[in-house]
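Pasting input_35.txt here (compact mmCIF, N, CA and C atoms and all ligand atoms):
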```
# COMPACT_ATOMS: atom_id res chain seq x y z
N MET A 254 -18.13 40.45 -64.21
CA MET A 254 -17.99 41.83 -63.70
C MET A 254 -18.24 42.81 -64.85
N ASP A 255 -19.00 43.89 -64.56
CA ASP A 255 -19.19 44.84 -65.65
C ASP A 255 -18.03 45.84 -65.69
N LEU A 256 -18.00 46.58 -66.77
CA LEU A 256 -16.85 47.46 -67.00
C LEU A 256 -16.67 48.50 -65.90
N GLN A 257 -17.78 49.09 -65.47
CA GLN A 257 -17.68 50.15 -64.45
C GLN A 257 -17.04 49.60 -63.18
N LYS A 258 -17.45 48.40 -62.80
CA LYS A 258 -16.90 47.75 -61.60
C LYS A 258 -15.40 47.52 -61.79
N LEU A 259 -15.07 47.02 -62.98
CA LEU A 259 -13.67 46.74 -63.29
C LEU A 259 -12.84 48.03 -63.19
N PHE A 260 -13.38 49.12 -63.74
CA PHE A 260 -12.66 50.39 -63.68
C PHE A 260 -12.44 50.82 -62.23
N GLU A 261 -13.46 50.59 -61.41
CA GLU A 261 -13.33 50.98 -59.99
C GLU A 261 -12.25 50.16 -59.31
N VAL A 262 -12.25 48.85 -59.56
CA VAL A 262 -11.25 47.97 -58.95
C VAL A 262 -9.85 48.44 -59.35
N TYR A 263 -9.68 48.73 -60.63
CA TYR A 263 -8.35 49.13 -61.10
C TYR A 263 -7.97 50.53 -60.62
N ARG A 264 -8.95 51.37 -60.38
CA ARG A 264 -8.61 52.69 -59.85
C ARG A 264 -7.97 52.53 -58.47
N GLU A 265 -8.47 51.56 -57.71
CA GLU A 265 -7.87 51.31 -56.40
C GLU A 265 -6.45 50.77 -56.53
N GLN A 266 -6.14 50.19 -57.69
CA GLN A 266 -4.79 49.65 -57.93
C GLN A 266 -3.87 50.69 -58.57
N GLY A 267 -4.33 51.91 -58.72
CA GLY A 267 -3.43 52.95 -59.22
C GLY A 267 -3.67 53.42 -60.63
N VAL A 268 -4.68 52.87 -61.33
CA VAL A 268 -5.00 53.35 -62.68
C VAL A 268 -5.71 54.70 -62.53
N PRO A 269 -5.42 55.73 -63.36
CA PRO A 269 -4.64 55.63 -64.60
C PRO A 269 -3.16 55.96 -64.46
N HIS A 270 -2.69 56.29 -63.22
CA HIS A 270 -1.30 56.79 -63.11
C HIS A 270 -0.28 55.68 -63.24
N ASP A 271 -0.60 54.49 -62.78
CA ASP A 271 0.34 53.37 -62.84
C ASP A 271 0.19 52.68 -64.20
N GLN A 272 1.21 52.84 -65.03
CA GLN A 272 1.10 52.35 -66.40
C GLN A 272 1.01 50.83 -66.48
N GLN A 273 1.73 50.13 -65.61
CA GLN A 273 1.65 48.66 -65.64
C GLN A 273 0.24 48.19 -65.30
N MET A 274 -0.38 48.84 -64.35
CA MET A 274 -1.75 48.47 -63.99
C MET A 274 -2.72 48.84 -65.11
N LEU A 275 -2.43 49.93 -65.78
CA LEU A 275 -3.28 50.34 -66.91
C LEU A 275 -3.22 49.28 -68.01
N ILE A 276 -2.02 48.77 -68.26
CA ILE A 276 -1.88 47.71 -69.27
C ILE A 276 -2.62 46.45 -68.81
N ALA A 277 -2.53 46.13 -67.52
CA ALA A 277 -3.24 44.96 -66.99
C ALA A 277 -4.75 45.14 -67.18
N LEU A 278 -5.23 46.36 -66.95
CA LEU A 278 -6.65 46.63 -67.14
C LEU A 278 -7.05 46.43 -68.60
N LEU A 279 -6.23 46.96 -69.50
CA LEU A 279 -6.55 46.84 -70.94
C LEU A 279 -6.59 45.37 -71.34
N ARG A 280 -5.67 44.57 -70.78
CA ARG A 280 -5.66 43.13 -71.09
C ARG A 280 -6.96 42.49 -70.62
N GLU A 281 -7.39 42.87 -69.44
CA GLU A 281 -8.62 42.28 -68.91
C GLU A 281 -9.83 42.72 -69.74
N MET A 282 -9.83 43.99 -70.13
CA MET A 282 -10.93 44.47 -70.99
C MET A 282 -10.93 43.72 -72.31
N GLN A 283 -9.74 43.46 -72.82
CA GLN A 283 -9.62 42.74 -74.08
C GLN A 283 -10.16 41.32 -73.95
N ASP A 284 -9.83 40.67 -72.85
CA ASP A 284 -10.35 39.31 -72.61
C ASP A 284 -11.87 39.32 -72.53
N MET A 285 -12.39 40.30 -71.79
CA MET A 285 -13.85 40.38 -71.64
C MET A 285 -14.54 40.61 -72.97
N ALA A 286 -13.86 41.35 -73.86
CA ALA A 286 -14.48 41.68 -75.15
C ALA A 286 -14.25 40.60 -76.18
N GLY A 287 -13.65 39.49 -75.79
CA GLY A 287 -13.49 38.37 -76.70
C GLY A 287 -12.22 38.42 -77.53
N GLY A 288 -11.22 39.16 -77.06
CA GLY A 288 -9.91 39.08 -77.74
C GLY A 288 -9.44 40.33 -78.43
N THR A 289 -10.31 41.31 -78.59
CA THR A 289 -9.86 42.58 -79.15
C THR A 289 -10.56 43.73 -78.44
N LEU A 290 -9.92 44.88 -78.48
CA LEU A 290 -10.51 46.07 -77.85
C LEU A 290 -11.28 46.86 -78.90
N THR A 291 -12.36 47.49 -78.48
CA THR A 291 -13.12 48.32 -79.41
C THR A 291 -13.01 49.78 -78.98
N GLU A 292 -13.26 50.67 -79.93
CA GLU A 292 -13.23 52.10 -79.61
C GLU A 292 -14.22 52.40 -78.50
N ASP A 293 -15.34 51.71 -78.54
CA ASP A 293 -16.37 51.97 -77.56
C ASP A 293 -15.87 51.72 -76.13
N VAL A 294 -15.23 50.58 -75.89
CA VAL A 294 -14.77 50.31 -74.53
C VAL A 294 -13.63 51.26 -74.15
N LEU A 295 -12.82 51.63 -75.13
CA LEU A 295 -11.75 52.60 -74.82
C LEU A 295 -12.33 53.93 -74.39
N PHE A 296 -13.37 54.36 -75.07
CA PHE A 296 -13.99 55.64 -74.71
C PHE A 296 -14.62 55.55 -73.33
N GLN A 297 -15.18 54.40 -73.01
CA GLN A 297 -15.75 54.26 -71.66
C GLN A 297 -14.66 54.37 -70.61
N ALA A 298 -13.52 53.71 -70.85
CA ALA A 298 -12.41 53.78 -69.90
C ALA A 298 -11.88 55.20 -69.81
N ALA A 299 -11.72 55.83 -70.98
CA ALA A 299 -11.16 57.18 -71.01
C ALA A 299 -12.08 58.14 -70.24
N SER A 300 -13.38 57.99 -70.43
CA SER A 300 -14.25 58.94 -69.74
C SER A 300 -14.31 58.63 -68.24
N PHE A 301 -14.23 57.37 -67.88
CA PHE A 301 -14.22 57.03 -66.45
C PHE A 301 -13.01 57.65 -65.75
N TYR A 302 -11.86 57.53 -66.38
CA TYR A 302 -10.62 58.01 -65.73
C TYR A 302 -10.28 59.46 -66.06
N GLY A 303 -11.14 60.10 -66.90
CA GLY A 303 -10.88 61.49 -67.25
C GLY A 303 -9.62 61.66 -68.05
N MET A 304 -9.40 60.74 -68.98
CA MET A 304 -8.21 60.84 -69.83
C MET A 304 -8.62 60.76 -71.28
N LYS A 305 -7.64 61.01 -72.16
CA LYS A 305 -7.96 60.96 -73.59
C LYS A 305 -7.86 59.54 -74.13
N ALA A 306 -8.83 59.16 -74.95
CA ALA A 306 -8.80 57.83 -75.56
C ALA A 306 -7.57 57.66 -76.45
N THR A 307 -7.10 58.77 -77.01
CA THR A 307 -5.92 58.67 -77.89
C THR A 307 -4.69 58.21 -77.11
N LEU A 308 -4.62 58.56 -75.83
CA LEU A 308 -3.49 58.09 -75.01
C LEU A 308 -3.56 56.58 -74.86
N LEU A 309 -4.77 56.06 -74.67
CA LEU A 309 -4.93 54.60 -74.55
C LEU A 309 -4.56 53.93 -75.87
N GLN A 310 -5.00 54.54 -76.97
CA GLN A 310 -4.69 53.94 -78.28
C GLN A 310 -3.18 53.91 -78.52
N ALA A 311 -2.49 54.99 -78.10
CA ALA A 311 -1.03 55.03 -78.29
C ALA A 311 -0.37 53.93 -77.46
N LEU A 312 -0.90 53.71 -76.26
CA LEU A 312 -0.34 52.66 -75.39
C LEU A 312 -0.57 51.28 -76.02
N ILE A 313 -1.76 51.08 -76.55
CA ILE A 313 -2.10 49.78 -77.17
C ILE A 313 -1.14 49.46 -78.31
N LYS A 314 -0.78 50.49 -79.07
CA LYS A 314 0.15 50.26 -80.19
C LYS A 314 1.52 49.78 -79.70
N ARG A 315 1.89 50.17 -78.49
CA ARG A 315 3.22 49.81 -77.99
C ARG A 315 3.24 48.46 -77.28
N VAL A 316 2.08 47.90 -76.99
CA VAL A 316 2.05 46.63 -76.26
C VAL A 316 1.57 45.54 -77.23
N PRO A 317 2.50 44.64 -77.60
CA PRO A 317 2.19 43.71 -78.70
C PRO A 317 0.95 42.85 -78.51
N ASP A 318 0.63 42.44 -77.28
CA ASP A 318 -0.53 41.54 -77.16
C ASP A 318 -1.85 42.29 -77.01
N LEU A 319 -1.81 43.63 -77.07
CA LEU A 319 -3.07 44.38 -77.06
C LEU A 319 -3.45 44.71 -78.49
N ARG A 320 -4.72 44.51 -78.81
CA ARG A 320 -5.17 44.69 -80.19
C ARG A 320 -6.50 45.41 -80.27
N MET A 321 -6.60 46.28 -81.25
CA MET A 321 -7.90 46.90 -81.52
C MET A 321 -8.67 45.98 -82.47
N ALA A 322 -9.99 45.96 -82.30
CA ALA A 322 -10.83 45.20 -83.22
C ALA A 322 -10.64 45.76 -84.62
N ASN A 323 -10.74 44.90 -85.57
CA ASN A 323 -10.51 45.36 -86.93
C ASN A 323 -11.69 46.10 -87.50
N ALA A 324 -11.81 47.32 -87.10
CA ALA A 324 -12.80 48.16 -87.75
C ALA A 324 -12.08 48.69 -88.98
N ALA A 325 -12.43 48.16 -90.11
CA ALA A 325 -11.64 48.43 -91.30
C ALA A 325 -11.64 49.90 -91.70
N HIS A 326 -12.74 50.59 -91.47
CA HIS A 326 -12.85 51.97 -91.96
C HIS A 326 -13.22 52.93 -90.84
N ARG A 327 -12.99 54.20 -91.14
CA ARG A 327 -13.30 55.23 -90.15
C ARG A 327 -14.23 56.26 -90.78
N LEU A 328 -15.42 56.39 -90.23
CA LEU A 328 -16.38 57.38 -90.73
C LEU A 328 -16.55 58.49 -89.71
N GLU A 329 -16.36 59.72 -90.19
CA GLU A 329 -16.63 60.88 -89.34
C GLU A 329 -17.67 61.72 -90.05
N MET A 330 -18.61 62.23 -89.29
CA MET A 330 -19.63 63.09 -89.88
C MET A 330 -19.65 64.41 -89.13
N CYS A 331 -19.73 65.50 -89.90
CA CYS A 331 -19.76 66.83 -89.29
C CYS A 331 -21.06 66.96 -88.49
N ALA A 332 -20.91 67.27 -87.21
CA ALA A 332 -22.11 67.41 -86.36
C ALA A 332 -22.71 68.79 -86.50
N SER A 333 -22.00 69.71 -87.16
CA SER A 333 -22.50 71.09 -87.27
C SER A 333 -23.26 71.33 -88.56
N CYS A 334 -23.04 70.51 -89.57
CA CYS A 334 -23.77 70.68 -90.83
C CYS A 334 -25.26 70.46 -90.56
N LYS A 335 -26.04 71.53 -90.67
CA LYS A 335 -27.48 71.38 -90.38
C LYS A 335 -28.12 70.41 -91.36
N ALA A 336 -27.67 70.52 -92.61
CA ALA A 336 -28.26 69.66 -93.64
C ALA A 336 -27.97 68.19 -93.39
N GLY A 337 -27.03 67.90 -92.48
CA GLY A 337 -26.66 66.50 -92.25
C GLY A 337 -27.44 65.85 -91.12
N TYR A 338 -28.32 66.62 -90.51
CA TYR A 338 -29.01 66.08 -89.32
C TYR A 338 -29.75 64.77 -89.64
N GLY A 339 -30.56 64.82 -90.68
CA GLY A 339 -31.35 63.64 -91.03
C GLY A 339 -30.46 62.48 -91.48
N LEU A 340 -29.36 62.84 -92.13
CA LEU A 340 -28.44 61.81 -92.62
C LEU A 340 -27.77 61.10 -91.43
N ARG A 341 -27.39 61.89 -90.44
CA ARG A 341 -26.76 61.28 -89.25
C ARG A 341 -27.76 60.35 -88.55
N ALA A 342 -28.98 60.82 -88.40
CA ALA A 342 -30.00 60.00 -87.73
C ALA A 342 -30.23 58.70 -88.50
N TRP A 343 -30.30 58.82 -89.82
CA TRP A 343 -30.51 57.64 -90.65
C TRP A 343 -29.35 56.65 -90.49
N LEU A 344 -28.12 57.19 -90.54
CA LEU A 344 -26.94 56.32 -90.44
C LEU A 344 -26.94 55.58 -89.09
N GLU A 345 -27.20 56.33 -88.02
CA GLU A 345 -27.13 55.74 -86.68
C GLU A 345 -28.18 54.64 -86.53
N ASP A 346 -29.33 54.90 -87.12
CA ASP A 346 -30.41 53.92 -87.09
C ASP A 346 -30.12 52.69 -87.93
N THR A 347 -29.70 52.96 -89.15
CA THR A 347 -29.52 51.87 -90.11
C THR A 347 -28.37 50.96 -89.72
N TYR A 348 -27.26 51.56 -89.23
CA TYR A 348 -26.08 50.74 -88.97
C TYR A 348 -25.84 50.49 -87.48
N GLY A 349 -26.79 50.94 -86.65
CA GLY A 349 -26.67 50.67 -85.21
C GLY A 349 -25.41 51.25 -84.61
N VAL A 350 -25.09 52.50 -84.94
CA VAL A 350 -23.88 53.13 -84.39
C VAL A 350 -24.23 54.38 -83.58
N LYS A 351 -23.35 54.66 -82.64
CA LYS A 351 -23.42 55.92 -81.91
C LYS A 351 -22.03 56.53 -82.00
N SER A 352 -21.96 57.86 -81.91
CA SER A 352 -20.65 58.51 -82.01
C SER A 352 -19.71 57.93 -80.96
N GLY A 353 -18.52 57.55 -81.40
CA GLY A 353 -17.54 56.97 -80.48
C GLY A 353 -17.56 55.46 -80.52
N GLY A 354 -18.45 54.88 -81.32
CA GLY A 354 -18.55 53.42 -81.36
C GLY A 354 -18.27 52.85 -82.73
N SER A 355 -18.57 51.56 -82.86
CA SER A 355 -18.38 50.88 -84.14
C SER A 355 -19.73 50.40 -84.64
N SER A 356 -19.82 50.18 -85.94
CA SER A 356 -21.07 49.68 -86.50
C SER A 356 -21.31 48.27 -85.97
N GLU A 357 -22.57 47.87 -85.96
CA GLU A 357 -22.91 46.54 -85.43
C GLU A 357 -22.16 45.44 -86.15
N SER A 358 -21.96 45.64 -87.44
CA SER A 358 -21.24 44.62 -88.21
C SER A 358 -19.73 44.74 -88.01
N GLY A 359 -19.29 45.82 -87.36
CA GLY A 359 -17.86 45.99 -87.10
C GLY A 359 -17.09 46.51 -88.28
N GLY A 360 -17.76 46.92 -89.34
CA GLY A 360 -17.05 47.36 -90.54
C GLY A 360 -16.44 48.74 -90.47
N PHE A 361 -16.94 49.59 -89.57
CA PHE A 361 -16.36 50.93 -89.47
C PHE A 361 -16.59 51.52 -88.08
N THR A 362 -15.71 52.42 -87.72
CA THR A 362 -15.93 53.19 -86.51
C THR A 362 -16.59 54.50 -86.91
N TYR A 363 -17.28 55.10 -85.99
CA TYR A 363 -18.07 56.28 -86.31
C TYR A 363 -17.92 57.33 -85.23
N ARG A 364 -17.78 58.56 -85.71
CA ARG A 364 -17.66 59.66 -84.75
C ARG A 364 -18.21 60.93 -85.40
N THR A 365 -18.88 61.76 -84.60
CA THR A 365 -19.26 63.07 -85.13
C THR A 365 -18.14 64.04 -84.75
N THR A 366 -17.95 65.04 -85.59
CA THR A 366 -16.85 65.97 -85.37
C THR A 366 -17.37 67.40 -85.44
N PRO A 367 -16.57 68.35 -84.97
CA PRO A 367 -16.91 69.76 -85.21
C PRO A 367 -16.81 70.07 -86.70
N CYS A 368 -17.16 71.29 -87.06
CA CYS A 368 -17.15 71.74 -88.45
C CYS A 368 -15.89 71.31 -89.20
N MET A 369 -16.08 70.75 -90.39
CA MET A 369 -14.93 70.30 -91.20
C MET A 369 -14.46 71.39 -92.16
N LYS A 370 -14.98 72.61 -92.00
CA LYS A 370 -14.58 73.74 -92.85
C LYS A 370 -14.90 73.48 -94.32
N ASN A 371 -16.03 72.87 -94.50
CA ASN A 371 -16.47 72.57 -95.86
C ASN A 371 -17.98 72.86 -95.92
N CYS A 372 -18.37 73.91 -95.17
CA CYS A 372 -19.80 74.14 -94.92
C CYS A 372 -20.61 74.36 -96.20
N LYS A 373 -20.04 75.12 -97.13
CA LYS A 373 -20.80 75.43 -98.35
C LYS A 373 -21.18 74.17 -99.10
N ASN A 374 -20.38 73.14 -98.92
CA ASN A 374 -20.61 71.89 -99.67
C ASN A 374 -21.17 70.78 -98.79
N GLY A 375 -21.73 71.17 -97.65
CA GLY A 375 -22.22 70.16 -96.74
C GLY A 375 -23.46 69.45 -97.29
N PRO A 376 -23.92 68.40 -96.64
CA PRO A 376 -23.29 67.81 -95.45
C PRO A 376 -21.92 67.20 -95.77
N SER A 377 -21.01 67.40 -94.82
CA SER A 377 -19.64 66.91 -94.99
C SER A 377 -19.40 65.66 -94.16
N ILE A 378 -18.70 64.74 -94.77
CA ILE A 378 -18.28 63.55 -94.02
C ILE A 378 -16.81 63.30 -94.32
N ARG A 379 -16.16 62.51 -93.48
CA ARG A 379 -14.79 62.09 -93.76
C ARG A 379 -14.79 60.57 -93.68
N TRP A 380 -14.21 59.96 -94.70
CA TRP A 380 -14.14 58.49 -94.75
C TRP A 380 -12.67 58.12 -94.85
N ASP A 381 -12.15 57.43 -93.86
CA ASP A 381 -10.72 57.09 -93.82
C ASP A 381 -9.85 58.32 -94.07
N GLY A 382 -10.29 59.45 -93.53
CA GLY A 382 -9.47 60.66 -93.60
C GLY A 382 -9.75 61.56 -94.79
N ASP A 383 -10.53 61.09 -95.79
CA ASP A 383 -10.84 61.92 -96.97
C ASP A 383 -12.20 62.58 -96.80
N VAL A 384 -12.24 63.91 -97.07
CA VAL A 384 -13.52 64.63 -96.92
C VAL A 384 -14.35 64.45 -98.18
N TYR A 385 -15.65 64.19 -97.99
CA TYR A 385 -16.60 64.10 -99.10
C TYR A 385 -17.66 65.19 -98.89
N SER A 386 -18.03 65.85 -100.01
CA SER A 386 -19.03 66.92 -99.96
C SER A 386 -20.40 66.37 -100.35
N HIS A 387 -21.44 67.17 -100.02
CA HIS A 387 -22.82 66.85 -100.42
C HIS A 387 -23.15 65.38 -100.13
N ALA A 388 -22.77 64.94 -98.94
CA ALA A 388 -22.98 63.53 -98.61
C ALA A 388 -24.48 63.21 -98.58
N ASP A 389 -24.81 62.05 -99.04
CA ASP A 389 -26.19 61.58 -98.94
C ASP A 389 -26.19 60.07 -98.66
N ARG A 390 -27.39 59.53 -98.57
CA ARG A 390 -27.48 58.11 -98.22
C ARG A 390 -26.74 57.23 -99.22
N SER A 391 -26.90 57.56 -100.50
CA SER A 391 -26.31 56.63 -101.47
C SER A 391 -24.78 56.67 -101.39
N LEU A 392 -24.20 57.84 -101.08
CA LEU A 392 -22.73 57.88 -100.91
C LEU A 392 -22.32 57.01 -99.72
N LEU A 393 -23.04 57.16 -98.61
CA LEU A 393 -22.67 56.38 -97.43
C LEU A 393 -22.81 54.89 -97.68
N ILE A 394 -23.88 54.50 -98.35
CA ILE A 394 -24.08 53.08 -98.64
C ILE A 394 -22.93 52.57 -99.50
N LYS A 395 -22.55 53.36 -100.50
CA LYS A 395 -21.46 52.93 -101.38
C LYS A 395 -20.15 52.77 -100.60
N LEU A 396 -19.85 53.74 -99.73
CA LEU A 396 -18.60 53.67 -98.97
C LEU A 396 -18.63 52.49 -98.02
N ILE A 397 -19.72 52.37 -97.28
CA ILE A 397 -19.80 51.35 -96.25
C ILE A 397 -19.83 49.95 -96.86
N GLU A 398 -20.49 49.83 -97.97
CA GLU A 398 -20.59 48.50 -98.57
C GLU A 398 -19.50 48.24 -99.59
N GLY A 399 -18.54 49.17 -99.67
CA GLY A 399 -17.35 48.94 -100.49
C GLY A 399 -17.59 49.04 -101.97
N LYS A 400 -18.58 49.89 -102.36
CA LYS A 400 -18.85 49.96 -103.80
C LYS A 400 -18.51 51.34 -104.36
N ALA A 401 -17.82 52.14 -103.58
CA ALA A 401 -17.50 53.50 -104.06
C ALA A 401 -16.34 53.47 -105.03
S1 LIG A 501 -20.75 72.92 -90.56
FE1 LIG A 501 -20.26 71.01 -91.49
S2 LIG A 501 -18.48 71.45 -92.62
FE2 LIG A 501 -18.86 73.27 -91.57
```
Let me see the file written as structure tokens.
Ligand code: FES
Amino acid sequence: MDLQKLFEVYREQGVPHDQQMLIALLREMQDMAGGTLTEDVLFQAASFYGMKATLLQALIKRVPDLRMANAAHRLEMCASCKAGYGLRAWLEDTYGVKSGGSSESGGFTYRTTPCMKNCKNGPSIRWDGDVYSHADRSLLIKLIEGKA
């Protein structure tokens, strides 16, 4: 069964309002994904049900047998920095990521964000919560490959 079908079936069972059914859905999604949940599937569920993915993440933290895939790092890139356009395209191409998803290798999650209030020093990125200025390919390679 594909995810959209699964979401429809669970909507008939009371998701997203029935929390027990929501947990049952997350368990099934986790099984389908091979034992862990990814940001990508959470975002798909959140957008299907018109809810925030952060609510699902908070629920996952409270249910011991639900687990997020180990995306070790979190990369955010300012979507408003004009100078970052080419860098974002390069990153998405090179690492096979789209905003809201994880890299193909699973090493980091990726999301574009609104202005990080660091425009003069753009392109701006955030890596595990720390803002970096004047980001370029070599900085991203160093961070992603653990050589920074
Ligand atoms: S536009 Fe990118 S930090 Fe402001």
Exercise answer, 7 Å around ligand LIG 501 (chain A) with only N, CA and C atoms and all ligand atoms, as a list in words: Cys331, Ala332, Ser333, Cys334, Lys335, Pro367, Cys368, Met369, Lys370, Asn371, Cys372, Lys373, Asn374, Gly375, Pro376 and Ser377 of chain A
Output N, CA and C atoms for every residue in the selection just made, as a short mmCIF file (atom, residue, chain, number, x, y, z; two decimals), in the frame of the given file.
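Output contents, as saved in selection-v9.cif:
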```
data_model
loop_
_atom_site.label_atom_id
_atom_site.label_comp_id
_atom_site.auth_asym_id
_atom_site.auth_seq_id
_atom_site.Cartn_x
_atom_site.Cartn_y
_atom_site.Cartn_z
N CYS A 331 -19.73 65.50 -89.90
CA CYS A 331 -19.76 66.83 -89.29
C CYS A 331 -21.06 66.96 -88.49
N ALA A 332 -20.91 67.27 -87.21
CA ALA A 332 -22.11 67.41 -86.36
C ALA A 332 -22.71 68.79 -86.50
N SER A 333 -22.00 69.71 -87.16
CA SER A 333 -22.50 71.09 -87.27
C SER A 333 -23.26 71.33 -88.56
N CYS A 334 -23.04 70.51 -89.57
CA CYS A 334 -23.77 70.68 -90.83
C CYS A 334 -25.26 70.46 -90.56
N LYS A 335 -26.04 71.53 -90.67
CA LYS A 335 -27.48 71.38 -90.38
C LYS A 335 -28.12 70.41 -91.36
N PRO A 367 -16.57 68.35 -84.97
CA PRO A 367 -16.91 69.76 -85.21
C PRO A 367 -16.81 70.07 -86.70
N CYS A 368 -17.16 71.29 -87.06
CA CYS A 368 -17.15 71.74 -88.45
C CYS A 368 -15.89 71.31 -89.20
N MET A 369 -16.08 70.75 -90.39
CA MET A 369 -14.93 70.30 -91.20
C MET A 369 -14.46 71.39 -92.16
N LYS A 370 -14.98 72.61 -92.00
CA LYS A 370 -14.58 73.74 -92.85
C LYS A 370 -14.90 73.48 -94.32
N ASN A 371 -16.03 72.87 -94.50
CA ASN A 371 -16.47 72.57 -95.86
C ASN A 371 -17.98 72.86 -95.92
N CYS A 372 -18.37 73.91 -95.17
CA CYS A 372 -19.80 74.14 -94.92
C CYS A 372 -20.61 74.36 -96.20
N LYS A 373 -20.04 75.12 -97.13
CA LYS A 373 -20.80 75.43 -98.35
C LYS A 373 -21.18 74.17 -99.10
N ASN A 374 -20.38 73.14 -98.92
CA ASN A 374 -20.61 71.89 -99.67
C ASN A 374 -21.17 70.78 -98.79
N GLY A 375 -21.73 71.17 -97.65
CA GLY A 375 -22.22 70.16 -96.74
C GLY A 375 -23.46 69.45 -97.29
N PRO A 376 -23.92 68.40 -96.64
CA PRO A 376 -23.29 67.81 -95.45
C PRO A 376 -21.92 67.20 -95.77
N SER A 377 -21.01 67.40 -94.82
CA SER A 377 -19.64 66.91 -94.99
C SER A 377 -19.40 65.66 -94.16
#
```
Would you mind writing down, as a JSON list (two decimals) with N, CA and C atoms, in the frame of the given file, each residue of chain A that DSSP on the backbone assigns to strand (DSSP E)?
```json
[["chain", "number", "residue", "atom", "x", "y", "z"],
["A", 326, "HIS", "N", -12.74, 50.59, -91.47],
["A", 326, "HIS", "CA", -12.85, 51.97, -91.96],
["A", 326, "HIS", "C", -13.22, 52.93, -90.84],
["A", 327, "ARG", "N", -12.99, 54.20, -91.14],
["A", 327, "ARG", "CA", -13.30, 55.23, -90.15],
["A", 327, "ARG", "C", -14.23, 56.26, -90.78],
["A", 328, "LEU", "N", -15.42, 56.39, -90.23],
["A", 328, "LEU", "CA", -16.38, 57.38, -90.73],
["A", 328, "LEU", "C", -16.55, 58.49, -89.71],
["A", 329, "GLU", "N", -16.36, 59.72, -90.19],
["A", 329, "GLU", "CA", -16.63, 60.88, -89.34],
["A", 329, "GLU", "C", -17.67, 61.72, -90.05],
["A", 330, "MET", "N", -18.61, 62.23, -89.29],
["A", 330, "MET", "CA", -19.63, 63.09, -89.88],
["A", 330, "MET", "C", -19.65, 64.41, -89.13],
["A", 331, "CYS", "N", -19.73, 65.50, -89.90],
["A", 331, "CYS", "CA", -19.76, 66.83, -89.29],
["A", 331, "CYS", "C", -21.06, 66.96, -88.49],
["A", 354, "GLY", "N", -18.45, 54.88, -81.32],
["A", 354, "GLY", "CA", -18.55, 53.42, -81.36],
["A", 354, "GLY", "C", -18.27, 52.85, -82.73],
["A", 355, "SER", "N", -18.57, 51.56, -82.86],
["A", 355, "SER", "CA", -18.38, 50.88, -84.14],
["A", 355, "SER", "C", -19.73, 50.40, -84.64],
["A", 361, "PHE", "N", -16.94, 49.59, -89.57],
["A", 361, "PHE", "CA", -16.36, 50.93, -89.47],
["A", 361, "PHE", "C", -16.59, 51.52, -88.08],
["A", 362, "THR", "N", -15.71, 52.42, -87.72],
["A", 362, "THR", "CA", -15.93, 53.19, -86.51],
["A", 362, "THR", "C", -16.59, 54.50, -86.91],
["A", 363, "TYR", "N", -17.28, 55.10, -85.99],
["A", 363, "TYR", "CA", -18.07, 56.28, -86.31],
["A", 363, "TYR", "C", -17.92, 57.33, -85.23],
["A", 364, "ARG", "N", -17.78, 58.56, -85.71],
["A", 364, "ARG", "CA", -17.66, 59.66, -84.75],
["A", 364, "ARG", "C", -18.21, 60.93, -85.40],
["A", 365, "THR", "N", -18.88, 61.76, -84.60],
["A", 365, "THR", "CA", -19.26, 63.07, -85.13],
["A", 365, "THR", "C", -18.14, 64.04, -84.75],
["A", 366, "THR", "N", -17.95, 65.04, -85.59],
["A", 366, "THR", "CA", -16.85, 65.97, -85.37],
["A", 366, "THR", "C", -17.37, 67.40, -85.44],
["A", 378, "ILE", "N", -18.70, 64.74, -94.77],
["A", 378, "ILE", "CA", -18.28, 63.55, -94.02],
["A", 378, "ILE", "C", -16.81, 63.30, -94.32],
["A", 379, "ARG", "N", -16.16, 62.51, -93.48],
["A", 379, "ARG", "CA", -14.79, 62.09, -93.76],
["A", 379, "ARG", "C", -14.79, 60.57, -93.68],
["A", 380, "TRP", "N", -14.21, 59.96, -94.70],
["A", 380, "TRP", "CA", -14.14, 58.49, -94.75],
["A", 380, "TRP", "C", -12.67, 58.12, -94.85],
["A", 383, "ASP", "N", -10.53, 61.09, -95.79],
["A", 383, "ASP", "CA", -10.84, 61.92, -96.97],
["A", 383, "ASP", "C", -12.20, 62.58, -96.80],
["A", 384, "VAL", "N", -12.24, 63.91, -97.07],
["A", 384, "VAL", "CA", -13.52, 64.63, -96.92],
["A", 384, "VAL", "C", -14.35, 64.45, -98.18],
["A", 385, "TYR", "N", -15.65, 64.19, -97.99],
["A", 385, "TYR", "CA", -16.60, 64.10, -99.10],
["A", 385, "TYR", "C", -17.66, 65.19, -98.89]]
```
Tell me, counting only C-alpha atoms, for each residue of stretch 299-395 of chain A within 10 Å of stretch 273-284 of chain A, which pair of atoms is nearest and how far apart they are in Å to one decimal, in rows ordered by chain and increasing number, as JSON lines.
```
{"residue": "A:Leu309", "atom": "CA", "partner": "A:Leu279", "partner_atom": "CA", "distance": 8.7}
{"residue": "A:Leu312", "atom": "CA", "partner": "A:Ile276", "partner_atom": "CA", "distance": 8.0}
{"residue": "A:Ile313", "atom": "CA", "partner": "A:Ile276", "partner_atom": "CA", "distance": 8.2}
{"residue": "A:Val316", "atom": "CA", "partner": "A:Ile276", "partner_atom": "CA", "distance": 8.1}
{"residue": "A:Asp318", "atom": "CA", "partner": "A:Arg280", "partner_atom": "CA", "distance": 8.1}
{"residue": "A:Leu319", "atom": "CA", "partner": "A:Arg280", "partner_atom": "CA", "distance": 6.6}
{"residue": "A:Arg320", "atom": "CA", "partner": "A:Gln283", "partner_atom": "CA", "distance": 7.8}
{"residue": "A:Met321", "atom": "CA", "partner": "A:Gln283", "partner_atom": "CA", "distance": 8.7}
{"residue": "A:Ala322", "atom": "CA", "partner": "A:Gln283", "partner_atom": "CA", "distance": 9.5}
```
Residues within 7 Å of (-26.6, 59.3, -88.3), counting all atoms listed in the file, listed as a ChimeraX atom specification: /A:338-346
Distance criterion (all atoms listed in the file): nearest to A:His326 out of A:Val262, A:Thr362, A:Gln272, A:Ser386: A:Thr362
